[in-house]
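Heads up: the structure comes next, in structure tokens.
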Amino acid sequence: MIIESLLTGAVQSGTSVLLTVCGETVTERVGVINLGTEGCMAVGALSAYIVCANTGSPWFAVPVACIMGGLMALIHAYFVISRKANQLATGLTLMFLGLGLTAFFGRNYVSVSVTGFTRVKIPLLSDIPIIGDAIFNQDPITYLSYLICPLLCILIYKTRFGLILRGAGEDENVVFAYGHDPIKMRYIGVIMGGMLSALGGAQLSIAYTHTWIEGMTGSRGVIGVALVCIAAWNPAKAFIGAYIFGAAQALQMMLQQQGLEISSFLLMMIPYVLVLIALFITSIRRRQTMPAELKKVFESVT
Amino acid sequence: MRTTKIKKVIAALLASAAALTTGCSSSTKSGSVGVGFIFVGTKDDYGYNQAAYEASVAVEEHFGDQIRVFRSENIPETSEATRVLEQMIQQGATILFPTSYGHLDPALDAAKDNPDCVFFHQGGLKTSENLGTYFGTIWESFYLAGISAGAATESNKLGFITSFAIPQVMLNINAFTLGAKSVNPDVTTTVIFTGDWSDPALQTDAVNSLADGGIDVIATHQDSTKTIVELCESKGIYVCGCHADASELAPTKWLTAPIWNWSELFIDMTQTALDGKFKGSIYDGKYRGGLKEGVVDIAPYGSAVSEDVRAQIDAVKQQMIDGTFFAFEGEIKDRDGNVRIEAGVRPTVDELETCDWFVEGVIGSTD
């Protein structure tokens, strides 16, 4: 029972982070870091909520959220790729812009209720002991996230398009020499990242909590950026960090519910401490996975 | 009231951005006396800030052209608040209402530099020459809500979702538990601190976790409660809201909610300051209004509260108004058996609002 609800909690609160990690992975794969994922997430969460409230259709809300998130990321792409602006500064600004814009435009939706997506039980599979309910009794966006991870892997590692995409993040001169436009690839990578982050935001607002309130992304987008390193820029491993984070959040509630008398302030730190530990472990094992062009971002800062 | 993680930084930056672009909004009336209100959140959060905002509207309507009203939302609980207050004073405000708990220190700074202005701060135990604090004894309402919860539960397990283990919150948890125990001595209250006043995902996690633990009534002390109330309805858990009547979100599971009614108090405080009678008035110091003064109340009962229970709660409420009953009158022991309030003693505001212990039956960490 405890394990099962922990797993369910891990998937439920981890999905929004997972999608953000996937998105940021694509972005960083083309050599761009977008610290504004939190802003893209917030924009996705709100736009999905608005569409859902006005049309009643969550399926219509999903593409709209992705487009809006993509537009947010486009701002980032324009500034850092075409204008060569500082990536860290632009990303942070984008985060505040997204949070500010959504707080403003979302005011009238704080008290609006939506039905959105509900959990859909998949017959047979959801009866698998222990993991069945956690994995196969979830909302449609979560099911979508199960597909997105492997699809991204195939796209990045198995297709010619993916090769060029990765190339733009490793050495733009090589991509250029092969007759492709690294600028174009970077735009695509950054915009895809924004769209996926926004999908994560939509999962929070219309599938998981059925609520819109300003700041509801609660730093999940920021933590997503950190988790990309844990996944070693590999979408196949994105779920590790994301679900650890989700599980830690569920665990924190569960320990309190079980009556464990540890300071709540300490319990609230569990997710972040776990992420730090994971970062430490991965930093020992992997040093060469960071896209080369991405390293330049930090070298240019120092 | 909301202070978490990086949100604080974000809020600060957003607010400075907002202050740069819009300044504080002011009505265009040309009255002589300026009255300024600052809020930590937005005016329509259906909770804590909205209650204060509505009262600021009541003040504006009551005094009409006599006053000029300034309002600023999303003001963080930092020196940014001092800056906004100073800005309002420069524009002619002499009566200031900083309405969030954490605005106290910034407001004290502003009060020190502006001895001619009068400050009414919402909550807190620090005052100065020209700054008084006011608050509602919302724990009275939590006690009444507790009665409805104690009567509704079948598992005898109640849940309480809130943000941080701070005195005001702990006092409300104690009151809620005492109320529930007054009709059902076997109940326990399991507390979950989420570390946030309104994060809907954490609220969802908390409700799910409490539901797993067999809890069948959930009360909350959060700024925004919509997520919790809706989720409780769908999970078949009775729910006590907070700050606002959200019964429409839980038509079958709604019990009641502690609510604020600041309007009359705000009007009276403004009048006192306008008359130049702040010094020595009841508001010069620590003013606390409760059920008797109409500052706090409970929301209309849901259909899940039976006629008998309603009558019972109404009777206790009347006794509280008459002063014949005081929920924290001793002897009250904490859950370790230490006597915290001596027999027959009614604690002072300071004693109550520094509460750092739980009564018996509360499950949760005090630090």
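Naming works like this for the structure tokens: A, B, ... for the chains as they're shown, residue 1 at the start of each chain, ligands 1 onward in shown order.
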Check: Counting only C-alpha atoms, which residues from chain A have an atom at most 8 Å from any atom of chain B, and could you show them as a VMD selection string?
Finding: chain A and resid 5 9 13 96 100 107 to 108 110 to 111 204 208 to 211 213 215 to 219 249 to 250 253 to 254 256 to 265 268
Selection above as a file: N, CA and C atoms, as a CSV table (one decimal), in the first residue's frame:
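Dumped to part.csv:
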```
chain,number,residue,atom,x,y,z
A,5,SER,N,1.4,3.8,-3.2
A,5,SER,CA,1.0,5.2,-3.3
A,5,SER,C,2.2,6.0,-3.5
A,9,GLY,N,2.4,8.5,-6.5
A,9,GLY,CA,2.8,9.9,-6.3
A,9,GLY,C,4.0,10.4,-7.1
A,13,SER,N,3.4,13.4,-9.6
A,13,SER,CA,4.0,14.7,-9.4
A,13,SER,C,5.3,14.8,-10.2
A,96,PHE,N,10.9,35.1,-15.4
A,96,PHE,CA,10.1,36.1,-14.7
A,96,PHE,C,9.0,36.7,-15.6
A,100,GLY,N,5.2,36.5,-14.6
A,100,GLY,CA,4.5,37.7,-14.5
A,100,GLY,C,3.3,37.8,-15.4
A,107,ARG,N,-5.6,36.0,-13.7
A,107,ARG,CA,-6.4,36.5,-12.6
A,107,ARG,C,-7.8,36.1,-12.6
A,108,ASN,N,-8.4,36.1,-13.8
A,108,ASN,CA,-9.9,35.8,-13.8
A,108,ASN,C,-10.1,34.3,-13.8
A,110,VAL,N,-8.6,32.1,-11.6
A,110,VAL,CA,-8.2,31.5,-10.3
A,110,VAL,C,-9.4,30.8,-9.7
A,111,SER,N,-10.6,31.3,-9.9
A,111,SER,CA,-11.8,30.7,-9.3
A,111,SER,C,-12.6,29.9,-10.3
A,204,LEU,N,0.2,19.8,-15.1
A,204,LEU,CA,-0.1,20.3,-13.7
A,204,LEU,C,-1.4,21.0,-13.6
A,208,TYR,N,-3.5,17.2,-13.5
A,208,TYR,CA,-3.2,16.8,-12.1
A,208,TYR,C,-4.0,17.5,-11.1
A,209,THR,N,-4.0,18.9,-11.1
A,209,THR,CA,-4.6,19.6,-10.0
A,209,THR,C,-6.0,20.3,-10.4
A,210,HIS,N,-6.2,20.4,-11.7
A,210,HIS,CA,-7.5,21.1,-12.1
A,210,HIS,C,-7.6,22.4,-11.5
A,211,THR,N,-6.5,23.1,-11.4
A,211,THR,CA,-6.5,24.4,-10.8
A,211,THR,C,-5.5,25.4,-11.5
A,213,ILE,N,-3.5,28.8,-10.5
A,213,ILE,CA,-3.2,29.9,-9.6
A,213,ILE,C,-1.8,30.4,-9.9
A,215,GLY,N,2.0,31.3,-10.1
A,215,GLY,CA,3.1,30.6,-9.4
A,215,GLY,C,2.9,29.2,-9.1
A,216,MET,N,2.0,28.6,-9.8
A,216,MET,CA,1.7,27.2,-9.5
A,216,MET,C,2.7,26.2,-9.9
A,217,THR,N,3.6,26.6,-10.8
A,217,THR,CA,4.7,25.7,-11.3
A,217,THR,C,5.7,25.5,-10.1
A,218,GLY,N,5.7,26.4,-9.2
A,218,GLY,CA,6.5,26.2,-7.9
A,218,GLY,C,7.9,25.7,-8.1
A,219,SER,N,8.6,26.3,-9.0
A,219,SER,CA,10.1,26.0,-9.3
A,219,SER,C,10.3,24.7,-9.9
A,249,GLN,N,8.7,14.2,-3.3
A,249,GLN,CA,7.6,15.1,-2.9
A,249,GLN,C,6.4,14.3,-2.2
A,250,ALA,N,6.1,13.1,-2.8
A,250,ALA,CA,5.1,12.3,-2.3
A,250,ALA,C,5.5,11.7,-0.9
A,253,MET,N,5.0,14.0,2.0
A,253,MET,CA,3.6,14.0,2.6
A,253,MET,C,3.4,12.8,3.3
A,254,MET,N,3.8,11.7,2.8
A,254,MET,CA,3.5,10.4,3.4
A,254,MET,C,4.1,10.2,4.8
A,256,GLN,N,4.7,12.6,6.8
A,256,GLN,CA,3.9,13.4,7.7
A,256,GLN,C,2.6,12.7,8.1
A,257,GLN,N,2.0,12.1,7.0
A,257,GLN,CA,0.7,11.4,7.2
A,257,GLN,C,0.9,10.2,8.2
A,258,GLN,N,2.1,9.6,8.1
A,258,GLN,CA,2.4,8.4,9.0
A,258,GLN,C,2.7,8.9,10.4
A,259,GLY,N,2.7,10.2,10.6
A,259,GLY,CA,3.0,10.7,11.9
A,259,GLY,C,4.4,10.8,12.4
A,260,LEU,N,5.3,10.7,11.4
A,260,LEU,CA,6.7,10.8,11.7
A,260,LEU,C,7.0,12.3,12.1
A,261,GLU,N,7.6,12.4,13.3
A,261,GLU,CA,7.8,13.8,13.8
A,261,GLU,C,9.2,14.3,13.5
A,262,ILE,N,9.4,14.6,12.2
A,262,ILE,CA,10.6,15.3,11.8
A,262,ILE,C,10.1,16.7,11.4
A,263,SER,N,10.9,17.7,11.6
A,263,SER,CA,10.5,19.0,11.3
A,263,SER,C,10.1,19.1,9.8
A,264,SER,N,8.9,19.7,9.6
A,264,SER,CA,8.4,19.8,8.3
A,264,SER,C,9.3,20.6,7.4
A,265,PHE,N,10.1,21.5,8.0
A,265,PHE,CA,11.0,22.3,7.2
A,265,PHE,C,12.1,21.4,6.6
A,268,MET,N,10.6,19.2,3.8
A,268,MET,CA,10.4,19.9,2.5
A,268,MET,C,11.7,20.0,1.7
```
Check: Out of segment 147-230 of chain B, which residues get strand (DSSP E) from DSSP, as a PyMOL selection string?
Finding: chain B and resi 157-162+188-193+217-221
So that I have them on file, write out the residues from the current selection with N, CA and C atoms, as a short mmCIF file (atom, residue, chain, number, x, y, z; two decimals), in the first residue's frame.
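See again_12.cif below for the written result:
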```cif
data_model
loop_
_atom_site.label_atom_id
_atom_site.label_comp_id
_atom_site.auth_asym_id
_atom_site.auth_seq_id
_atom_site.Cartn_x
_atom_site.Cartn_y
_atom_site.Cartn_z
N LYS B 157 -10.47 9.97 12.17
CA LYS B 157 -9.18 10.52 11.74
C LYS B 157 -9.43 11.78 10.92
N LEU B 158 -8.96 12.91 11.43
CA LEU B 158 -9.10 14.17 10.71
C LEU B 158 -7.74 14.55 10.13
N GLY B 159 -7.77 15.30 9.03
CA GLY B 159 -6.53 15.78 8.43
C GLY B 159 -6.53 17.29 8.42
N PHE B 160 -5.34 17.86 8.41
CA PHE B 160 -5.22 19.33 8.37
C PHE B 160 -4.06 19.68 7.45
N ILE B 161 -4.35 20.38 6.36
CA ILE B 161 -3.31 20.74 5.40
C ILE B 161 -2.98 22.22 5.55
N THR B 162 -1.70 22.49 5.78
CA THR B 162 -1.31 23.89 5.92
C THR B 162 0.13 24.06 5.42
N THR B 188 -8.27 12.10 16.12
CA THR B 188 -6.92 12.63 16.00
C THR B 188 -6.88 13.54 14.77
N THR B 189 -5.96 14.49 14.79
CA THR B 189 -5.78 15.38 13.63
C THR B 189 -4.37 15.19 13.09
N THR B 190 -4.27 14.66 11.87
CA THR B 190 -2.97 14.50 11.24
C THR B 190 -2.66 15.73 10.40
N VAL B 191 -1.54 16.38 10.71
CA VAL B 191 -1.20 17.63 10.04
C VAL B 191 -0.18 17.37 8.93
N ILE B 192 -0.42 17.95 7.78
CA ILE B 192 0.58 17.93 6.72
C ILE B 192 0.98 19.37 6.38
N PHE B 193 2.26 19.65 6.54
CA PHE B 193 2.79 20.96 6.15
C PHE B 193 3.34 20.83 4.73
N VAL B 217 -12.07 13.49 7.02
CA VAL B 217 -12.42 14.91 7.05
C VAL B 217 -11.10 15.69 6.93
N ILE B 218 -11.07 16.65 6.01
CA ILE B 218 -9.85 17.45 5.85
C ILE B 218 -10.19 18.92 6.07
N ALA B 219 -9.39 19.56 6.93
CA ALA B 219 -9.49 21.00 7.11
C ALA B 219 -8.21 21.61 6.57
N THR B 220 -8.25 22.91 6.28
CA THR B 220 -7.07 23.53 5.70
C THR B 220 -6.84 24.90 6.28
N HIS B 221 -5.59 25.31 6.26
CA HIS B 221 -5.27 26.71 6.47
C HIS B 221 -4.30 27.07 5.36
#
```
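Atom CA of Leu178 of chain B lies 14.5 Å from atom CA of Leu352 of chain B.
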Next item on the list: Name all residues at most 7 Å from Thr177 of chain B (count only C-alpha atoms; drop same-chain ones fewer than 4 positions away) and give them as number ranges by chain.
Entry: B: 146, 173, 181, 189
Please produce an output containing N, CA and C atoms for each residue in the selection, written as a PDB file, in the first residue's frame.
```
ATOM      1  N   GLY B 146     -14.137  22.691  13.837  1.00  0.00           N
ATOM      2  CA  GLY B 146     -13.715  21.426  14.422  1.00  0.00           C
ATOM      3  C   GLY B 146     -14.897  20.610  14.923  1.00  0.00           C
ATOM      4  N   ILE B 173      -4.770  24.854  14.487  1.00  0.00           N
ATOM      5  CA  ILE B 173      -4.822  23.388  14.519  1.00  0.00           C
ATOM      6  C   ILE B 173      -5.298  22.933  15.899  1.00  0.00           C
ATOM      7  N   LYS B 181     -12.725  17.374  19.388  1.00  0.00           N
ATOM      8  CA  LYS B 181     -12.719  16.497  20.565  1.00  0.00           C
ATOM      9  C   LYS B 181     -13.874  16.799  21.518  1.00  0.00           C
ATOM     10  N   THR B 189      -5.958  14.495  14.788  1.00  0.00           N
ATOM     11  CA  THR B 189      -5.781  15.375  13.628  1.00  0.00           C
ATOM     12  C   THR B 189      -4.372  15.187  13.088  1.00  0.00           C
TER      13      THR B 189
END
```
Mind checking which residues fall within 8 Å of segment 80-93 of chain A, counting only C-alpha atoms, ignoring those fewer than 3 positions away in the same chain, and posting them as an mmCIF file with C-alpha atoms, in the first residue's frame?
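Final output, around25.cif:
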```
data_model
loop_
_atom_site.group_PDB
_atom_site.id
_atom_site.type_symbol
_atom_site.label_atom_id
_atom_site.label_comp_id
_atom_site.auth_asym_id
_atom_site.auth_seq_id
_atom_site.Cartn_x
_atom_site.Cartn_y
_atom_site.Cartn_z
ATOM 1 C CA VAL A 32 21.497 26.292 -25.765
ATOM 2 C CA ILE A 33 20.553 26.457 -22.107
ATOM 3 C CA ASN A 34 17.114 27.815 -21.343
ATOM 4 C CA LEU A 35 16.689 28.761 -17.695
ATOM 5 C CA GLY A 36 13.281 30.121 -18.646
ATOM 6 C CA THR A 37 11.601 26.700 -18.701
ATOM 7 C CA HIS A 76 14.669 32.971 -25.987
ATOM 8 C CA ALA A 77 15.847 31.538 -29.295
ATOM 9 C CA PHE A 96 10.102 36.113 -14.682
ATOM 10 C CA LEU A 97 8.335 37.253 -17.816
ATOM 11 C CA ILE A 183 21.060 28.239 -36.595
ATOM 12 C CA ARG A 186 19.072 25.512 -32.719
ATOM 13 C CA TYR A 187 15.787 27.306 -33.251
ATOM 14 C CA VAL A 297 27.995 29.124 -22.728
#
```
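Distances to Val118 of chain B were evaluated for B:Thr94, B:Ser72, B:Thr324, B:Gln50 using only C-alpha atoms, and the minimum falls at B:Thr94.
Excluding Phe176 of chain B itself and any same-chain residue fewer than 4 positions from it, the protein and nucleic acid residues within 7 Å of it, counting only C-alpha atoms, are Phe142, Tyr143, Ala145, Gly146, Asn172 and Ala180 of chain B.
Excluding segment 255-260 of chain B itself and any same-chain residue fewer than 5 positions from it, the protein and nucleic acid residues within 7 Å of it, counting only C-alpha atoms, are Ala51, Ile138, Ser141, Phe142, Ala145, Ser148, Tyr238, Val239, Cys240, Gly241, Cys242, His243, Ala244, Asp245, Val295, Val296, Asp297, Ile298, Ala299, Pro300, Tyr301, Gly302, Ala304 and Val305 of chain B.
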Create the file for the chosen residues now, containing C-alpha atoms and written as a PDB file, in the first residue's frame.
```pdb
ATOM      1  CA  ALA B  51     -10.865  39.319   2.289  1.00  0.00           C
ATOM      2  CA  ILE B 138      -9.872  33.155  13.671  1.00  0.00           C
ATOM      3  CA  SER B 141     -13.979  29.843  13.917  1.00  0.00           C
ATOM      4  CA  PHE B 142     -11.574  26.927  13.649  1.00  0.00           C
ATOM      5  CA  ALA B 145     -15.344  24.096  12.269  1.00  0.00           C
ATOM      6  CA  SER B 148     -18.527  19.972  12.493  1.00  0.00           C
ATOM      7  CA  TYR B 238     -15.636  15.871   4.108  1.00  0.00           C
ATOM      8  CA  VAL B 239     -13.940  19.238   3.896  1.00  0.00           C
ATOM      9  CA  CYS B 240     -13.668  22.438   5.943  1.00  0.00           C
ATOM     10  CA  GLY B 241     -12.494  25.321   3.762  1.00  0.00           C
ATOM     11  CA  CYS B 242     -10.621  28.424   4.771  1.00  0.00           C
ATOM     12  CA  HIS B 243     -11.097  32.189   4.262  1.00  0.00           C
ATOM     13  CA  ALA B 244     -14.037  31.863   1.867  1.00  0.00           C
ATOM     14  CA  ASP B 245     -17.292  30.032   1.245  1.00  0.00           C
ATOM     15  CA  VAL B 295     -14.442  40.193  12.527  1.00  0.00           C
ATOM     16  CA  VAL B 296     -14.460  36.416  12.098  1.00  0.00           C
ATOM     17  CA  ASP B 297     -17.302  34.014  11.408  1.00  0.00           C
ATOM     18  CA  ILE B 298     -18.000  30.680   9.799  1.00  0.00           C
ATOM     19  CA  ALA B 299     -19.272  30.124   6.265  1.00  0.00           C
ATOM     20  CA  PRO B 300     -22.791  28.727   5.738  1.00  0.00           C
ATOM     21  CA  TYR B 301     -23.067  25.039   6.604  1.00  0.00           C
ATOM     22  CA  GLY B 302     -23.032  22.412   3.888  1.00  0.00           C
ATOM     23  CA  ALA B 304     -23.471  17.306   5.195  1.00  0.00           C
ATOM     24  CA  VAL B 305     -23.924  19.090   8.531  1.00  0.00           C
TER      25      VAL B 305
END
```
Need to verify the contact set: Met68 of chain A, 10 Å, only C-alpha atoms, exclusion of same-chain residues closer than 6 positions in sequence. Can you return it as an mmCIF file with C-alpha atoms, in the first residue's frame?
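The new file around29.cif reads:
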```cif
data_model
loop_
_atom_site.group_PDB
_atom_site.id
_atom_site.type_symbol
_atom_site.label_atom_id
_atom_site.label_comp_id
_atom_site.auth_asym_id
_atom_site.auth_seq_id
_atom_site.Cartn_x
_atom_site.Cartn_y
_atom_site.Cartn_z
ATOM 1 C CA CYS A 40 7.307 28.246 -20.503
ATOM 2 C CA MET A 41 5.711 25.864 -18.019
ATOM 3 C CA VAL A 43 2.499 29.808 -19.873
ATOM 4 C CA GLY A 44 1.594 26.236 -20.822
ATOM 5 C CA ALA A 45 -0.297 25.710 -17.570
ATOM 6 C CA LEU A 46 -2.326 28.885 -17.956
ATOM 7 C CA SER A 47 -3.058 28.672 -21.676
ATOM 8 C CA ALA A 48 -4.200 25.060 -21.305
ATOM 9 C CA LEU A 74 11.048 31.493 -29.558
ATOM 10 C CA GLY A 194 9.549 25.210 -24.803
ATOM 11 C CA MET A 195 6.682 23.147 -26.194
ATOM 12 C CA ALA A 198 4.516 23.865 -21.646
ATOM 13 C CA LEU A 199 3.024 20.381 -21.935
#
```
Margin query: DSSP on the backbone: which residues in segment 93-239 of chain A end up as helix (DSSP H, G or I)? Give the answer as a ChimeraX atom specification.
Written below: /A:93-105,107-109,125-127,131-136,140-158,160-170,172-177,182-208,220-230,235-239
Check: Distance atom CA of Leu104 of chain B-atom CA of Phe278 of chain B, one decimal place?
Finding: 18.2 Å
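Using only C-alpha atoms, the smallest distance between any of B:Asp223, B:Phe97, B:Gly124, B:Glu77 and Asn49 of chain B comes from B:Asp223.
Minimum atom-to-atom distances from A:Met290, A:Leu19, A:Gly167, A:Ile223 to Tyr143 of chain A were compared using only C-alpha atoms, and the lowest value belongs to A:Leu19.
Nearest-residue note for Pro235 of chain A: choosing from A:Asn54, A:Gln138, A:Thr25, A:Ser126, the minimum distance belongs to A:Thr25, counting only C-alpha atoms.
We find atom CA of Ser197 of chain A and atom CA of Pro63 of chain A to be spaced 12.4 Å apart.
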